[in-house]
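Shown below: work-v2.csv, with CSV, C-alpha atoms.
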```csv
chain,number,residue,atom,x,y,z
H,484,MET,CA,110.2,101.1,98.2
H,485,VAL,CA,110.1,97.4,97.4
H,486,SER,CA,106.6,97.3,99.1
H,487,ARG,CA,105.3,100.4,97.2
H,488,THR,CA,103.6,100.9,93.8
H,489,THR,CA,104.9,103.0,91.0
H,490,ASP,CA,102.3,105.6,91.9
H,491,ASP,CA,104.5,106.5,94.9
H,492,TYR,CA,107.6,107.0,92.7
H,493,ARG,CA,105.6,109.3,90.5
H,494,ALA,CA,104.2,111.3,93.4
H,495,MET,CA,107.7,111.7,95.0
H,496,VAL,CA,109.2,113.0,91.7
H,497,VAL,CA,106.2,115.4,91.3
H,498,ALA,CA,106.7,116.6,94.8
H,499,GLY,CA,110.3,117.4,94.1
H,500,CYS,CA,112.2,114.5,95.7
H,501,ALA,CA,115.7,114.4,94.4
H,502,ALA,CA,116.6,110.8,95.3
H,503,VAL,CA,115.3,107.9,97.4
H,504,CYS,CA,117.6,106.1,99.9
H,505,GLU,CA,116.2,102.7,100.9
H,506,PRO,CA,117.5,100.8,103.9
H,507,ALA,CA,117.5,97.0,104.1
H,508,PHE,CA,114.4,96.4,106.2
H,509,TRP,CA,112.3,93.7,107.7
H,510,ALA,CA,109.8,92.4,105.2
H,511,GLY,CA,107.0,92.0,107.7
H,512,PHE,CA,107.9,88.3,108.0
H,513,ASP,CA,111.1,86.4,108.7
H,514,ARG,CA,113.1,85.1,105.7
H,515,SER,CA,113.7,81.4,106.1
H,516,SER,CA,117.4,81.4,105.0
H,517,ALA,CA,120.3,83.5,104.0
H,518,ALA,CA,119.3,82.9,100.4
H,519,GLY,CA,116.3,85.0,100.9
H,520,PHE,CA,118.6,87.9,101.9
H,521,TYR,CA,120.8,87.3,98.8
H,522,ASP,CA,117.7,87.7,96.6
H,523,TYR,CA,116.6,90.8,98.6
H,524,PHE,CA,120.1,92.5,98.3
H,525,GLY,CA,119.8,91.8,94.5
H,526,GLN,CA,116.4,93.4,94.5
H,527,LEU,CA,117.7,96.5,96.3
H,528,THR,CA,120.8,96.9,94.1
H,529,GLU,CA,119.5,95.9,90.7
H,530,HIS,CA,115.8,95.7,90.3
H,531,GLU,CA,114.6,98.6,92.4
H,532,PRO,CA,117.1,101.2,90.9
H,533,ARG,CA,115.7,100.2,87.5
H,534,ARG,CA,112.1,100.6,88.6
H,535,ALA,CA,112.9,104.1,90.2
H,536,ALA,CA,114.9,105.2,87.1
H,537,LYS,CA,111.7,104.8,85.0
H,538,PHE,CA,110.4,107.8,86.9
H,539,GLY,CA,113.7,109.7,86.9
H,540,LEU,CA,114.4,109.2,90.6
H,541,PRO,CA,117.9,108.1,91.6
H,542,HIS,CA,117.7,105.1,93.9
H,543,PHE,CA,120.3,104.4,96.6
H,544,CYS,CA,120.2,101.7,99.3
H,545,TRP,CA,121.8,100.4,102.5
H,546,LEU,CA,122.5,96.8,103.2
H,547,CYS,CA,122.4,94.7,106.4
H,548,ILE,CA,120.3,92.2,108.4
H,549,ASN,CA,117.6,94.2,110.1
H,550,PRO,CA,117.5,94.0,113.9
H,551,LYS,CA,114.1,92.4,113.8
H,552,GLU,CA,115.7,89.3,112.3
H,553,ALA,CA,118.8,89.4,114.4
H,554,GLU,CA,117.7,87.0,117.2
H,555,ASP,CA,119.1,84.1,115.2
H,556,VAL,CA,122.8,84.8,115.4
H,557,GLN,CA,123.8,81.9,113.0
H,558,LEU,CA,121.5,83.2,110.3
H,559,ALA,CA,122.8,86.7,110.9
H,560,GLN,CA,126.4,85.6,110.5
H,561,GLU,CA,125.5,83.9,107.2
H,562,VAL,CA,123.8,87.1,106.0
H,563,ILE,CA,126.6,89.3,107.1
H,564,ALA,CA,129.0,87.1,105.1
H,565,LEU,CA,127.0,87.8,102.0
H,566,ILE,CA,127.1,91.6,102.3
H,567,PRO,CA,130.7,92.5,101.1
H,568,GLN,CA,130.1,91.2,97.6
H,569,PHE,CA,127.3,93.8,97.2
H,570,LEU,CA,129.0,96.8,98.7
H,571,SER,CA,130.7,97.8,95.5
H,572,ARG,CA,127.5,98.1,93.6
H,573,PRO,CA,126.9,101.7,92.4
H,574,ASN,CA,123.8,102.5,94.5
H,575,VAL,CA,125.0,101.1,97.9
H,576,LEU,CA,125.6,103.8,100.5
H,577,GLY,CA,126.7,101.8,103.4
H,578,ILE,CA,125.5,99.4,106.2
H,579,GLY,CA,122.0,99.9,107.5
H,580,GLU,CA,119.6,100.0,109.1
H,581,ILE,CA,121.4,98.1,111.8
H,582,GLY,CA,120.6,98.6,115.5
H,583,LEU,CA,118.3,97.0,118.0
H,584,ASN,CA,114.6,96.1,118.2
H,585,LYS,CA,113.9,94.5,121.6
H,586,ASN,CA,117.3,95.1,123.1
H,587,SER,CA,118.2,91.4,123.4
H,588,ARG,CA,121.7,90.0,123.9
H,589,ASN,CA,121.7,88.4,120.5
H,590,GLU,CA,120.5,91.6,118.8
H,591,LEU,CA,123.4,93.3,120.5
H,592,LYS,CA,125.9,90.7,119.3
H,593,VAL,CA,124.7,91.1,115.7
H,594,LEU,CA,124.9,94.9,116.0
H,595,GLU,CA,128.5,94.5,117.1
H,596,LEU,CA,129.2,92.2,114.1
H,597,GLN,CA,127.7,94.8,111.7
H,598,VAL,CA,129.5,97.7,113.2
H,599,ASP,CA,132.7,95.7,112.8
H,600,LEU,CA,131.8,95.0,109.1
H,601,ALA,CA,131.1,98.7,108.5
H,602,ALA,CA,134.4,99.7,110.1
H,603,ARG,CA,136.5,97.2,108.2
H,604,GLN,CA,134.8,98.2,104.9
H,605,ASP,CA,134.9,101.9,105.7
H,606,GLN,CA,131.2,102.3,105.2
H,607,LEU,CA,128.7,104.9,106.3
H,608,VAL,CA,126.3,103.6,108.9
H,609,LEU,CA,122.5,104.0,109.3
H,610,VAL,CA,121.2,102.9,112.7
H,611,HIS,CA,117.6,102.0,113.6
H,612,THR,CA,116.6,102.7,117.2
H,613,PRO,CA,113.9,100.6,118.8
H,614,HIS,CA,110.3,101.9,119.0
H,615,LEU,CA,108.1,102.9,121.8
H,616,GLU,CA,109.0,101.6,125.3
H,617,ASP,CA,112.3,100.1,124.0
H,618,LYS,CA,113.7,103.2,122.3
H,619,LEU,CA,115.4,105.0,125.3
H,620,LYS,CA,117.2,101.9,126.5
H,621,GLY,CA,118.0,100.7,123.0
H,622,THR,CA,119.4,104.1,122.0
H,623,ARG,CA,121.7,104.1,125.0
H,624,LEU,CA,122.9,100.5,124.3
H,625,ILE,CA,123.6,101.4,120.6
H,626,LEU,CA,125.6,104.5,121.5
H,627,ASP,CA,127.6,102.4,124.0
H,628,VAL,CA,128.4,99.8,121.2
H,629,LEU,CA,129.5,102.6,118.8
H,630,ARG,CA,131.6,104.2,121.5
H,631,ALA,CA,133.2,100.9,122.6
H,632,ASP,CA,134.1,100.0,119.0
H,633,GLY,CA,135.4,103.5,118.4
H,634,ARG,CA,136.2,103.0,114.7
H,635,ILE,CA,133.1,104.7,113.2
H,636,PRO,CA,133.5,108.5,113.3
H,637,PRO,CA,130.2,109.9,114.7
H,638,GLY,CA,129.9,112.2,111.7
H,639,ARG,CA,129.6,109.1,109.4
H,640,CYS,CA,126.7,107.6,111.4
H,641,LEU,CA,123.0,108.5,111.3
H,642,ILE,CA,121.0,107.4,114.3
H,643,ASP,CA,117.4,107.3,113.1
H,644,HIS,CA,114.1,107.5,114.8
H,645,VAL,CA,115.1,110.0,117.4
H,646,GLU,CA,112.4,111.4,119.6
H,647,GLU,CA,112.2,114.0,122.3
H,648,HIS,CA,113.8,111.8,124.9
H,649,THR,CA,116.7,110.6,122.7
H,650,VAL,CA,117.6,113.4,120.4
H,651,LYS,CA,119.9,115.2,122.8
H,652,LEU,CA,121.8,111.9,123.6
H,653,VAL,CA,122.5,111.4,119.9
H,654,LEU,CA,123.5,115.0,119.0
H,655,ASP,CA,125.6,115.5,122.1
H,656,ARG,CA,127.8,112.5,121.1
H,657,GLY,CA,128.4,114.0,117.6
H,658,PHE,CA,126.1,111.7,115.6
H,659,TRP,CA,123.6,112.8,113.0
H,660,GLY,CA,120.0,112.3,114.1
H,661,GLY,CA,117.2,111.2,111.8
H,662,MET,CA,113.5,111.7,112.4
H,663,THR,CA,111.4,109.3,110.4
H,664,LEU,CA,107.9,110.7,109.9
H,665,TYR,CA,104.8,108.5,110.3
H,666,PRO,CA,101.2,109.4,110.0
H,667,GLU,CA,100.5,107.5,113.3
H,668,SER,CA,102.3,105.9,116.2
H,669,LYS,CA,105.7,107.7,115.9
H,670,CYS,CA,107.1,111.1,115.0
H,671,THR,CA,104.8,113.7,113.4
H,672,ALA,CA,105.9,116.7,111.3
H,673,ALA,CA,104.9,119.1,114.0
H,674,ARG,CA,107.0,117.3,116.6
H,675,ALA,CA,110.0,117.1,114.2
H,676,VAL,CA,109.8,120.8,113.7
H,677,ASP,CA,109.7,121.2,117.5
H,678,MET,CA,112.9,119.3,117.9
H,679,ILE,CA,114.6,121.2,115.1
H,680,GLU,CA,113.7,124.5,116.7
H,681,GLN,CA,115.0,123.3,120.1
H,682,TYR,CA,118.2,121.6,119.0
H,683,GLY,CA,119.0,123.3,115.7
H,684,GLY,CA,119.2,121.9,112.3
H,685,GLU,CA,122.9,121.3,112.0
H,686,ARG,CA,122.9,117.5,112.2
H,687,LEU,CA,119.2,116.6,112.0
H,688,TRP,CA,117.2,115.5,109.0
H,689,MET,CA,113.8,114.0,108.3
H,690,ASN,CA,112.8,110.8,106.4
H,691,SER,CA,109.6,109.6,104.9
H,692,ALA,CA,108.8,106.0,106.0
H,693,CYS,CA,107.9,104.1,102.8
H,694,ASP,CA,107.4,100.5,104.0
H,695,TRP,CA,104.7,97.8,103.9
H,696,GLY,CA,102.8,99.3,106.9
H,697,VAL,CA,100.9,102.6,107.2
H,698,SER,CA,103.4,105.1,106.0
H,699,VAL,CA,103.5,108.2,103.7
H,700,PRO,CA,106.2,108.5,101.0
H,701,LEU,CA,105.5,112.3,100.9
H,702,ALA,CA,106.0,112.8,104.6
H,703,VAL,CA,109.1,114.9,104.0
H,704,PRO,CA,107.4,117.3,101.5
H,705,TYR,CA,104.5,117.6,104.0
H,706,ALA,CA,107.1,118.4,106.7
H,707,ALA,CA,108.4,121.2,104.5
H,708,GLN,CA,104.9,122.5,104.4
H,709,GLU,CA,104.8,122.4,108.2
H,710,LEU,CA,108.1,124.3,108.4
H,711,ARG,CA,106.6,127.0,106.2
H,712,ARG,CA,103.6,127.2,108.4
H,713,ARG,CA,105.9,127.7,111.4
H,714,GLY,CA,107.6,130.6,109.7
H,715,HIS,CA,110.9,129.1,108.5
H,716,ASP,CA,112.4,130.6,105.4
H,717,ALA,CA,113.1,128.8,102.1
H,718,GLY,CA,116.8,128.6,102.8
H,719,MET,CA,116.3,126.9,106.2
H,720,ILE,CA,113.8,124.5,104.7
H,721,ASP,CA,116.1,123.6,101.8
H,722,ARG,CA,119.0,123.0,104.2
H,723,LEU,CA,116.9,120.7,106.3
H,724,ILE,CA,115.2,118.6,103.7
H,725,TYR,CA,117.9,118.6,101.0
H,726,GLY,CA,121.2,120.1,102.1
H,727,ASN,CA,121.6,118.1,105.3
H,728,PRO,CA,120.9,114.7,103.7
H,729,LYS,CA,123.1,115.6,100.8
H,730,ARG,CA,125.9,116.7,103.1
H,731,PHE,CA,125.8,113.4,105.1
H,732,LEU,CA,125.3,111.1,102.2
H,733,SER,CA,128.0,112.8,100.0
H,734,GLN,CA,130.5,111.2,102.4
H,735,CYS,CA,129.9,108.2,100.2
H,736,ALA,CA,131.6,108.8,96.9
H,737,LYS,CA,128.8,106.9,95.1
H,738,PHE,CA,126.2,109.4,96.2
H,739,ARG,CA,125.9,111.7,93.2
H,740,LEU,CA,122.7,113.5,92.1
H,741,PRO,CA,121.9,114.6,88.5
H,742,GLU,CA,123.0,118.2,87.7
H,743,ALA,CA,119.5,119.6,87.7
H,744,ALA,CA,118.8,118.3,91.2
H,745,SER,CA,122.1,119.3,92.8
C,153,MET,CA,106.6,132.4,116.4
C,154,GLN,CA,104.5,134.2,119.0
C,155,ARG,CA,102.3,132.2,121.4
C,156,ARG,CA,99.2,133.6,119.7
C,157,GLN,CA,100.4,132.4,116.3
C,158,LEU,CA,101.1,128.9,117.6
C,159,LEU,CA,97.6,128.8,119.2
C,160,ASP,CA,96.1,129.9,115.9
C,161,LEU,CA,97.9,127.1,114.1
C,162,TYR,CA,97.4,124.2,116.6
C,163,TYR,CA,94.7,125.0,119.1
C,164,LEU,CA,91.8,123.4,117.4
C,165,GLU,CA,93.8,120.3,116.5
C,166,ALA,CA,95.1,119.9,120.1
C,167,ARG,CA,91.6,120.5,121.5
C,168,SER,CA,90.3,117.7,119.3
C,169,LYS,CA,93.1,115.4,120.4
C,170,LEU,CA,92.4,116.3,124.1
C,171,LEU,CA,88.7,115.4,123.6
C,172,ASP,CA,89.8,112.1,122.0
C,173,LEU,CA,92.0,111.4,125.0
C,174,ALA,CA,89.3,112.2,127.4
C,175,ALA,CA,86.8,110.0,125.6
C,176,PHE,CA,89.4,107.2,125.5
C,177,LEU,CA,89.8,107.4,129.3
C,178,ASP,CA,86.0,107.3,129.8
C,179,ARG,CA,85.7,104.4,127.3
C,180,VAL,CA,88.2,102.2,129.0
C,181,GLU,CA,86.8,103.1,132.5
C,182,ARG,CA,83.3,102.1,131.4
C,183,ALA,CA,84.5,98.7,130.2
C,184,PRO,CA,84.8,95.7,132.6
C,185,GLY,CA,88.0,93.7,132.8
C,186,GLU,CA,91.3,93.0,134.4
C,187,ALA,CA,94.0,95.4,135.4
C,188,ASP,CA,96.5,96.2,132.6
C,189,PHE,CA,100.0,97.6,132.9
C,190,ARG,CA,99.3,99.9,129.9
C,191,TRP,CA,96.5,101.6,131.8
C,192,ASP,CA,98.8,102.2,134.8
C,193,ALA,CA,101.6,103.4,132.5
C,194,PHE,CA,99.2,105.7,130.7
C,195,HIS,CA,98.2,107.4,133.9
C,196,ALA,CA,101.8,107.7,135.0
C,197,ALA,CA,102.5,109.4,131.7
C,198,LEU,CA,99.6,111.8,132.2
C,199,ALA,CA,101.0,112.7,135.6
C,200,ARG,CA,104.4,113.4,134.1
C,201,MET,CA,102.8,115.6,131.4
C,202,GLN,CA,101.4,117.8,134.1
C,203,ALA,CA,104.6,117.9,136.1
C,204,SER,CA,107.2,118.5,133.3
C,205,PRO,CA,106.7,122.1,132.0
C,206,GLY,CA,109.0,122.7,129.1
C,207,GLY,CA,109.7,118.9,128.7
C,208,ARG,CA,106.3,117.3,128.5
C,209,ALA,CA,106.9,115.2,125.4
C,210,ALA,CA,110.2,113.9,126.8
C,211,GLY,CA,108.6,113.3,130.2
C,212,VAL,CA,105.7,111.3,128.7
C,213,LEU,CA,108.2,109.2,126.6
C,214,ASP,CA,110.4,108.6,129.6
C,215,ALA,CA,107.4,107.5,131.7
C,216,LEU,CA,106.5,104.9,129.0
C,217,SER,CA,110.0,103.7,128.6
C,218,ASP,CA,111.9,100.6,129.9
C,219,PRO,CA,114.1,102.2,132.5
C,220,THR,CA,116.5,99.2,132.8
C,221,THR,CA,120.0,99.2,131.3
C,222,GLU,CA,120.9,95.6,130.6
C,223,PRO,CA,120.0,93.7,127.4
C,224,ILE,CA,117.1,91.2,127.9
C,225,PRO,CA,118.1,87.5,127.6
C,226,VAL,CA,116.1,86.8,124.5
C,227,ALA,CA,113.6,88.6,122.2
C,228,THR,CA,110.4,86.6,122.3
C,229,THR,CA,108.4,89.1,120.2
C,230,LYS,CA,109.2,91.7,117.5
C,231,ALA,CA,106.5,94.2,118.4
C,232,ALA,CA,106.6,97.0,121.0
C,233,CYS,CA,103.4,97.6,123.0
C,234,GLY,CA,104.0,101.2,124.0
C,235,ALA,CA,104.5,100.7,127.8
C,236,TRP,CA,107.0,98.8,129.9
C,237,PRO,CA,105.3,95.8,131.6
C,238,GLY,CA,107.7,96.2,134.5
C,239,ASN,CA,106.0,99.4,135.5
C,240,ALA,CA,103.2,97.4,136.8
C,241,VAL,CA,105.3,95.4,139.2
C,242,SER,CA,108.0,97.9,140.2
```
Kindly present the structure from the file in structure tokens form.
Amino acid sequence: MVSRTTDDYRAMVVAGCAAVCEPAFWAGFDRSSAAGFYDYFGQLTEHEPRRAAKFGLPHFCWLCINPKEAEDVQLAQEVIALIPQFLSRPNVLGIGEIGLNKNSRNELKVLELQVDLAARQDQLVLVHTPHLEDKLKGTRLILDVLRADGRIPPGRCLIDHVEEHTVKLVLDRGFWGGMTLYPESKCTAARAVDMIEQYGGERLWMNSACDWGVSVPLAVPYAAQELRRRGHDAGMIDRLIYGNPKRFLSQCAKFRLPEAAS
Amino acid sequence: MQRRQLLDLYYLEARSKLLDLAAFLDRVERAPGEADFRWDAFHAALARMQASPGGRAAGVLDALSDPTTEPIPVATTKAACGAWPGNAVS
């Protein structure tokens, strides 16, 4: 949300969104030093919650160095060393979105370091899987890293950006699967509903991408509309767009929603 | 939902996308230029779509994916291009 205007916060509240959960993300350009990440983590844990609160929207976040900036292992190590001091802040849900981007050796090394951090700090994990031609291989490599480490229970880890060729891999190993909805290039609402109908809605949920590129903060409410068009009842829709995220995120004691929304 | 209901919901949208796809293929074929691995990969994906009843979306995604299993030595770019360049040489 750091890239979005307050119009988006207002629209999300009006559409019925109960909270926003913002992962640490690539800014569209590389930060030149660990100090840039220190400031960014401050923005995610201090400034952005205040901005969202003006619209009555609880703001939570995840902290990490994004895989797009993980090729420089020394920088990544400096950033990872900064993270623990922020983990106790009231809106921090865990470590994320870690993962891979181009499936390089250094990205893999940094992923292992961040899985280790999450395990040592007993944090929930949000994982980014690569896009397009890199997704299948990257998803397999990520699942192998998590299995090799073995300290993160699959039920405490959300593997995001699943698509038709990776969703079964993720669910079969006991992880949660996320489908981030985009207006172009990635998963659409209709395809997300296809996957829910094929694989069930027990450990799947949908996210709206709200970044600096072409993305729609109301993608989840629009997906709810798609579920209605496909004949799903209100209980099923509520479970998918509200109950499932709440069930997963409530594993972090800091995830609490106002009475009216819960 | 019944097949008729799904066709009522999605047929015109899918028809429009099918025409866009056909026009894209014509547009690229009309244009002069070098061979491109994305073009070959796209045709491979189209073939997979025809050959994978019940799993067309996964088949298309598989056809456009890097099939290797080892990490690459170094990431020289951040962006994905939508097809694996190795398809052109394998």
Write out as an MDAnalysis selection string each polymer residue whose atoms come within 8 Å of Val593 of chain H, counting only C-alpha atoms; drop sequence neighbours fewer than 2 positions from it.
chainID H and resid 550 553 556 559:560 589:591 595:597
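We find atom CA of Trp659 of chain H and atom CA of Asp677 of chain H to be spaced 16.9 Å apart.
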If the cut-off is 6 Å, can you tell me the residues of chain H near chain C, counting all atoms listed in the file? I'd like them as JSON, numbers by chain.
{"H": [585, 586, 587, 588, 615, 616, 617, 647, 648]}
Export C-alpha atoms of the chosen residues as a short mmCIF file (atom, residue, chain, number, x, y, z; two decimals), in the frame of the given file?
```cif
data_model
loop_
_atom_site.label_atom_id
_atom_site.label_comp_id
_atom_site.auth_asym_id
_atom_site.auth_seq_id
_atom_site.Cartn_x
_atom_site.Cartn_y
_atom_site.Cartn_z
CA LYS H 585 113.90 94.50 121.60
CA ASN H 586 117.30 95.10 123.10
CA SER H 587 118.20 91.40 123.40
CA ARG H 588 121.70 90.00 123.90
CA LEU H 615 108.10 102.90 121.80
CA GLU H 616 109.00 101.60 125.30
CA ASP H 617 112.30 100.10 124.00
CA GLU H 647 112.20 114.00 122.30
CA HIS H 648 113.80 111.80 124.90
#
```
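Interatomic distance, atom CA of Pro636 of chain H to atom CA of Gly621 of chain H: 19.9 Å.
Minimum atom-to-atom distance to Pro506 of chain H, evaluated using all atoms listed in the file, belongs to H:Gly577 out of H:Gly577, H:Gly539, H:Gly726, H:Gly525.
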Shell of 10 Å around Leu740 of chain H, all atoms listed in the file, local chain residues under 5 positions omitted, as JSON, numbers by chain
{"H": [501, 502, 540, 541, 542, 729, 733, 745]}
Could you complete segment 220-234 of chain C so that it carries N, CA and C atoms, and give it back as an mmCIF file, keeping the file's coordinate frame?
```
data_model
loop_
_atom_site.group_PDB
_atom_site.id
_atom_site.type_symbol
_atom_site.label_atom_id
_atom_site.label_comp_id
_atom_site.auth_asym_id
_atom_site.auth_seq_id
_atom_site.Cartn_x
_atom_site.Cartn_y
_atom_site.Cartn_z
ATOM 1 N N THR C 220 115.356 100.042 132.474
ATOM 2 C CA THR C 220 116.500 99.200 132.800
ATOM 3 C C THR C 220 117.640 99.441 131.800
ATOM 4 N N THR C 221 118.804 98.910 132.121
ATOM 5 C CA THR C 221 120.000 99.200 131.300
ATOM 6 C C THR C 221 120.623 97.953 130.673
ATOM 7 N N GLU C 222 120.268 96.776 131.159
ATOM 8 C CA GLU C 222 120.900 95.600 130.600
ATOM 9 C C GLU C 222 120.081 94.953 129.501
ATOM 10 N N PRO C 223 120.738 94.342 128.499
ATOM 11 C CA PRO C 223 120.000 93.700 127.400
ATOM 12 C C PRO C 223 119.122 92.542 128.022
ATOM 13 N N ILE C 224 117.973 92.274 127.393
ATOM 14 C CA ILE C 224 117.100 91.200 127.900
ATOM 15 C C ILE C 224 117.750 89.852 127.338
ATOM 16 N N PRO C 225 117.483 88.739 128.008
ATOM 17 C CA PRO C 225 118.100 87.500 127.600
ATOM 18 C C PRO C 225 117.777 87.076 126.167
ATOM 19 N N VAL C 226 116.504 87.223 125.798
ATOM 20 C CA VAL C 226 116.100 86.800 124.500
ATOM 21 C C VAL C 226 114.862 87.601 124.035
ATOM 22 N N ALA C 227 114.778 87.925 122.745
ATOM 23 C CA ALA C 227 113.600 88.600 122.200
ATOM 24 C C ALA C 227 112.537 87.554 121.874
ATOM 25 N N THR C 228 111.406 87.628 122.555
ATOM 26 C CA THR C 228 110.400 86.600 122.300
ATOM 27 C C THR C 228 109.263 87.180 121.397
ATOM 28 N N THR C 229 109.338 88.456 121.074
ATOM 29 C CA THR C 229 108.400 89.100 120.200
ATOM 30 C C THR C 229 109.110 90.164 119.390
ATOM 31 N N LYS C 230 108.525 90.608 118.287
ATOM 32 C CA LYS C 230 109.200 91.700 117.500
ATOM 33 C C LYS C 230 108.517 93.043 117.860
ATOM 34 N N ALA C 231 107.264 93.007 118.305
ATOM 35 C CA ALA C 231 106.500 94.200 118.400
ATOM 36 C C ALA C 231 106.698 94.907 119.791
ATOM 37 N N ALA C 232 106.652 96.225 119.801
ATOM 38 C CA ALA C 232 106.600 97.000 121.000
ATOM 39 C C ALA C 232 105.119 97.290 121.327
ATOM 40 N N CYS C 233 104.789 97.427 122.618
ATOM 41 C CA CYS C 233 103.400 97.600 123.000
ATOM 42 C C CYS C 233 103.115 99.051 123.464
ATOM 43 N N GLY C 234 104.164 99.850 123.655
ATOM 44 C CA GLY C 234 104.000 101.200 124.000
ATOM 45 C C GLY C 234 104.060 101.532 125.512
#
```
